[in-house]
$ cat model-v8.pdb   # PDB, C-alpha atoms
ATOM      1  CA  MET A   1     116.756 124.162 146.399
ATOM      2  CA  VAL A   2     117.221 122.391 143.036
ATOM      3  CA  LEU A   3     120.138 120.388 144.407
ATOM      4  CA  ARG A   4     118.148 119.353 147.443
ATOM      5  CA  ARG A   5     115.218 118.253 145.226
ATOM      6  CA  LEU A   6     117.562 116.158 143.057
ATOM      7  CA  HIS A   7     119.030 114.521 146.141
ATOM      8  CA  SER A   8     115.538 113.807 147.463
ATOM      9  CA  VAL A   9     114.482 112.145 144.218
ATOM     10  CA  TRP A  10     117.648 110.074 144.203
ATOM     11  CA  PHE A  11     117.095 109.015 147.803
ATOM     12  CA  ALA A  12     113.460 108.089 147.068
ATOM     13  CA  ALA A  13     114.628 105.939 144.166
ATOM     14  CA  LEU A  14     117.061 104.173 146.476
ATOM     15  CA  LEU A  15     114.297 103.456 148.974
ATOM     16  CA  LEU A  16     112.158 101.915 146.254
ATOM     17  CA  CYS A  17     115.076  99.791 145.085
ATOM     18  CA  PRO A  18     115.673  97.246 147.858
ATOM     19  CA  GLY A  19     118.819  95.902 146.203
ATOM     20  CA  CYS A  20     120.490  99.330 146.074
ATOM     21  CA  ALA A  21     122.738 100.327 148.983
ATOM     22  CA  LEU A  22     123.242 103.778 150.490
ATOM     23  CA  ALA A  23     126.630 105.117 151.314
ATOM     24  CA  GLU A  24     127.440 105.675 154.975
ATOM     25  CA  GLY A  25     125.712 108.733 156.318
ATOM     26  CA  ASP A  26     123.299 109.099 153.367
ATOM     27  CA  ALA A  27     120.397 107.614 155.315
ATOM     28  CA  ALA A  28     120.855 110.109 158.122
ATOM     29  CA  VAL A  29     121.008 113.052 155.703
ATOM     30  CA  TYR A  30     117.866 112.095 153.813
ATOM     31  CA  ALA A  31     115.930 110.924 156.860
ATOM     32  CA  ASN A  32     115.841 114.533 158.065
ATOM     33  CA  SER A  33     114.464 115.874 154.730
ATOM     34  CA  ASP A  34     110.926 117.186 154.303
ATOM     35  CA  ILE A  35     109.850 114.267 152.052
ATOM     36  CA  ALA A  36     107.314 111.816 153.448
ATOM     37  CA  LEU A  37     109.314 108.669 152.712
ATOM     38  CA  ASP A  38     106.620 106.280 153.943
ATOM     39  CA  LYS A  39     104.363 107.457 151.080
ATOM     40  CA  LEU A  40     107.015 106.567 148.519
ATOM     41  CA  LYS A  41     107.054 102.869 149.342
ATOM     42  CA  ARG A  42     105.138 100.776 146.837
ATOM     43  CA  SER A  43     102.799  98.050 147.948
ATOM     44  CA  SER A  44     102.997  94.686 146.273
ATOM     45  CA  LEU A  45     100.589  94.453 143.346
ATOM     46  CA  ASN A  46     100.770  90.693 143.246
ATOM     47  CA  LYS A  47      99.326  89.673 146.609
ATOM     48  CA  SER A  48      98.422  86.156 145.465
ATOM     49  CA  GLY A  49     102.046  85.165 144.848
ATOM     50  CA  LYS A  50     101.254  83.763 141.378
ATOM     51  CA  ASN A  51     103.394  84.479 138.337
ATOM     52  CA  LEU A  52     101.443  87.169 136.488
ATOM     53  CA  PHE A  53     103.372  86.596 133.251
ATOM     54  CA  ALA A  54     103.158  82.824 133.046
ATOM     55  CA  ALA A  55     102.207  81.358 129.656
ATOM     56  CA  LYS A  56      98.539  80.472 129.200
ATOM     57  CA  SER A  57      96.783  78.342 126.628
ATOM     58  CA  TRP A  58      93.396  79.644 125.581
ATOM     59  CA  GLY A  59      92.616  76.935 123.054
ATOM     60  CA  GLY A  60      92.816  73.857 125.246
ATOM     61  CA  ALA A  61      94.698  70.774 124.204
ATOM     62  CA  MET A  62      95.712  70.586 120.555
ATOM     63  CA  ARG A  63      93.879  67.943 118.584
ATOM     64  CA  ARG A  64      95.817  65.664 116.314
ATOM     65  CA  ARG A  65      94.508  64.770 112.892
ATOM     66  CA  PRO A  66      93.206  61.214 112.879
ATOM     67  CA  GLN A  67      95.532  58.846 111.086
ATOM     68  CA  PRO A  68      94.185  56.181 108.736
ATOM     69  CA  LYS A  69      94.105  52.720 110.257
ATOM     70  CA  ASP A  70      96.366  51.313 107.598
ATOM     71  CA  ALA A  71      98.806  54.025 106.550
ATOM     72  CA  ALA A  72     100.372  51.774 103.901
ATOM     73  CA  VAL A  73      97.066  51.601 101.999
ATOM     74  CA  ALA A  74      96.619  55.389 101.836
ATOM     75  CA  VAL A  75      97.782  56.481  98.377
ATOM     76  CA  PRO A  76      98.173  60.175  97.587
ATOM     77  CA  GLN A  77      95.981  61.450  94.773
ATOM     78  CA  ILE A  78      97.947  62.349  91.652
ATOM     79  CA  ALA A  79      96.531  65.205  89.606
ATOM     80  CA  ALA A  80      96.033  64.639  85.923
ATOM     81  CA  PRO A  81      98.640  66.389  83.787
ATOM     82  CA  VAL A  82      97.524  69.710  82.362
ATOM     83  CA  VAL A  83      97.154  69.526  78.601
ATOM     84  CA  PRO A  84      98.142  72.782  76.885
ATOM     85  CA  VAL A  85      95.449  74.395  74.780
ATOM     86  CA  ALA A  86      95.852  76.833  71.913
ATOM     87  CA  PRO A  87      94.772  80.402  72.693
ATOM     88  CA  ALA A  88      91.597  81.868  71.259
ATOM     89  CA  MET A  89      91.802  82.918  67.621
ATOM     90  CA  PRO A  90      93.400  86.395  67.630
ATOM     91  CA  PHE A  91      92.425  87.276  64.048
ATOM     92  CA  SER A  92      89.270  88.797  62.665
ATOM     93  CA  TYR A  93      88.201  88.507  59.040
ATOM     94  CA  MET A  94      88.129  91.755  57.033
ATOM     95  CA  GLY A  95      87.690  90.564  53.456
ATOM     96  CA  LYS A  96      89.222  88.799  50.465
ATOM     97  CA  MET A  97      90.267  89.513  46.921
ATOM     98  CA  PHE A  98      91.349  87.367  43.986
ATOM     99  CA  ASP A  99      94.808  88.410  42.756
ATOM    100  CA  GLU A 100      94.839  87.982  38.954
ATOM    101  CA  GLU A 101      98.623  88.283  38.649
ATOM    102  CA  SER A 102      99.414  85.390  41.003
ATOM    103  CA  GLY A 103      96.135  83.563  40.511
ATOM    104  CA  LYS A 104      95.696  83.177  44.297
ATOM    105  CA  LEU A 105      93.079  84.331  46.763
ATOM    106  CA  VAL A 106      94.332  87.086  49.109
ATOM    107  CA  LEU A 107      92.679  87.196  52.544
ATOM    108  CA  TYR A 108      92.616  90.348  54.661
ATOM    109  CA  LEU A 109      92.778  89.786  58.410
ATOM    110  CA  ALA A 110      93.292  91.993  61.451
ATOM    111  CA  LYS A 111      94.861  91.257  64.811
ATOM    112  CA  GLY A 112      93.741  94.188  66.927
ATOM    113  CA  ASP A 113      94.876  97.273  64.982
ATOM    114  CA  VAL A 114      97.402  95.377  62.849
ATOM    115  CA  PRO A 115      96.206  94.425  59.323
ATOM    116  CA  TYR A 116      97.469  91.337  57.472
ATOM    117  CA  SER A 117      97.112  90.233  53.862
ATOM    118  CA  VAL A 118      97.777  86.492  53.608
ATOM    119  CA  LYS A 119      97.514  83.607  51.164
ATOM    120  CA  VAL A 120      97.191  79.874  51.780
ATOM    121  CA  GLY A 121     100.549  78.581  53.060
ATOM    122  CA  ASP A 122     101.692  81.922  54.571
ATOM    123  CA  LEU A 123     103.164  82.099  58.074
ATOM    124  CA  ILE A 124     101.747  84.787  60.402
ATOM    125  CA  ASP A 125     103.923  86.066  63.291
ATOM    126  CA  GLY A 126     105.788  82.747  63.374
ATOM    127  CA  THR A 127     102.921  81.072  65.242
ATOM    128  CA  TYR A 128     100.085  80.577  62.748
ATOM    129  CA  ARG A 129     100.130  79.084  59.261
ATOM    130  CA  VAL A 130      97.199  79.542  56.858
ATOM    131  CA  GLU A 131      96.267  75.956  56.015
ATOM    132  CA  GLY A 132      93.219  76.311  53.765
ATOM    133  CA  VAL A 133      90.162  78.320  52.843
ATOM    134  CA  THR A 134      86.591  77.389  51.924
ATOM    135  CA  GLU A 135      83.536  79.530  51.272
ATOM    136  CA  ALA A 136      82.587  79.434  54.965
ATOM    137  CA  GLU A 137      85.828  79.197  56.935
ATOM    138  CA  LEU A 138      89.537  79.835  57.061
ATOM    139  CA  THR A 139      91.730  77.109  58.599
ATOM    140  CA  PHE A 140      94.916  77.831  60.559
ATOM    141  CA  ILE A 141      97.529  75.633  62.245
ATOM    142  CA  TYR A 142      98.739  76.923  65.620
ATOM    143  CA  LEU A 143     102.379  75.863  65.277
ATOM    144  CA  PRO A 144     103.562  75.687  68.933
ATOM    145  CA  LEU A 145     101.004  72.936  69.642
ATOM    146  CA  ASN A 146     100.368  71.800  66.042
ATOM    147  CA  THR A 147      96.618  72.227  66.522
ATOM    148  CA  LYS A 148      94.004  73.199  63.963
ATOM    149  CA  GLN A 149      91.868  76.325  64.412
ATOM    150  CA  THR A 150      89.183  77.797  62.194
ATOM    151  CA  LEU A 151      87.863  81.270  61.582
ATOM    152  CA  ILE A 152      84.332  81.672  60.218
ATOM    153  CA  ILE A 153      84.331  83.968  57.178
ATOM    154  CA  GLY A 154      80.704  83.497  56.042
ATOM    155  CA  ASP A 155      79.046  82.320  52.870
ATOM    156  CA  SER A 156      80.422  84.244  49.924
ATOM    157  CA  ASN A 157      81.485  83.457  46.373
ATOM    158  CA  LEU A 158      85.175  82.843  45.909
TER     159      LEU A 158
END

$ encode --input "model-v8.pdb" --output "structure tokens"
Amino acid sequence: MVLRRLHSVWFAALLLCPGCALAEGDAAVYANSDIALDKLKRSSLNKSGKNLFAAKSWGGAMRRRPQPKDAAVAVPQIAAPVVPVAPAMPFSYMGKMFDEESGKLVLYLAKGDVPYSVKVGDLIDGTYRVEGVTEAELTFIYLPLNTKQTLIIGDSNL
């Protein structure tokens, strides 16, 4: 029974495949089987004869960008060069003290959690140099760009 069912399925596949050929005598064997072969034939789904998988364009014709009338006159815009700017002052003022031994003013600064004690002329982290101090502000030079920056320290007696 299983063998007969396998043969019937194979024969039905051959009927659906018009390019496949049967061996001699196979048609007579399977024609007498209990399968309704006329029900296995597939009708054509494409009755119109058109190619169902042809490429379609849904957007219409592509539009071209209008060209200037005189292409030689059109000059591309050149962006201005970017001028580097020093970063915001990373230090905060904590206080100051006059050192009697050296005779210089010592300034106490903080950069985040890191404290610094500096004097005029000192180099901080290789990028800032303490340039000068007045009663109201502390002046730094940002060395990579050689620009001047100030830190307000308030009005106090030196």

$ closest_residue --input "model-v8.pdb" --among "A:Ala79, A:Gly154, A:Leu138, A:Arg129" --to "Leu107 of chain A" --atoms "all atoms listed in the file"
A:Leu138

$ resolve_selection --input "model-v8.pdb" --expression "the PyMOL selection byres ((chain A and resi 151) around 6)" --output "PyMOL selection string"
chain A and resi 137-138+150+152

$ atom_distance --input "model-v8.pdb" --atom1 "atom CA of Gly121 of chain A" --atom2 "atom CA of Val85 of chain A"
22.7 Å

$ residues_around --input "model-v8.pdb" --residues "Tyr128 of chain A" --least-positions-apart "6" --cutoff "8 Å" --atoms "all atoms listed in the file" --output "VMD selection string"
chain A and resid 140 to 143

$ write_last_selection --input "model-v8.pdb" --atoms "C-alpha atoms" --output "PDB file, in the frame of the given file"
ATOM      1  CA  PHE A 140      94.916  77.831  60.559  1.00  0.00           C
ATOM      2  CA  ILE A 141      97.529  75.633  62.245  1.00  0.00           C
ATOM      3  CA  TYR A 142      98.739  76.923  65.620  1.00  0.00           C
ATOM      4  CA  LEU A 143     102.379  75.863  65.277  1.00  0.00           C
TER       5      LEU A 143
END

$ atom_distance --input "model-v8.pdb" --atom1 "atom CA of Glu131 of chain A" --atom2 "atom CA of Val118 of chain A"
10.9 Å

$ atom_distance --input "model-v8.pdb" --atom1 "atom CA of Gly95 of chain A" --atom2 "atom CA of Asp122 of chain A"
16.5 Å
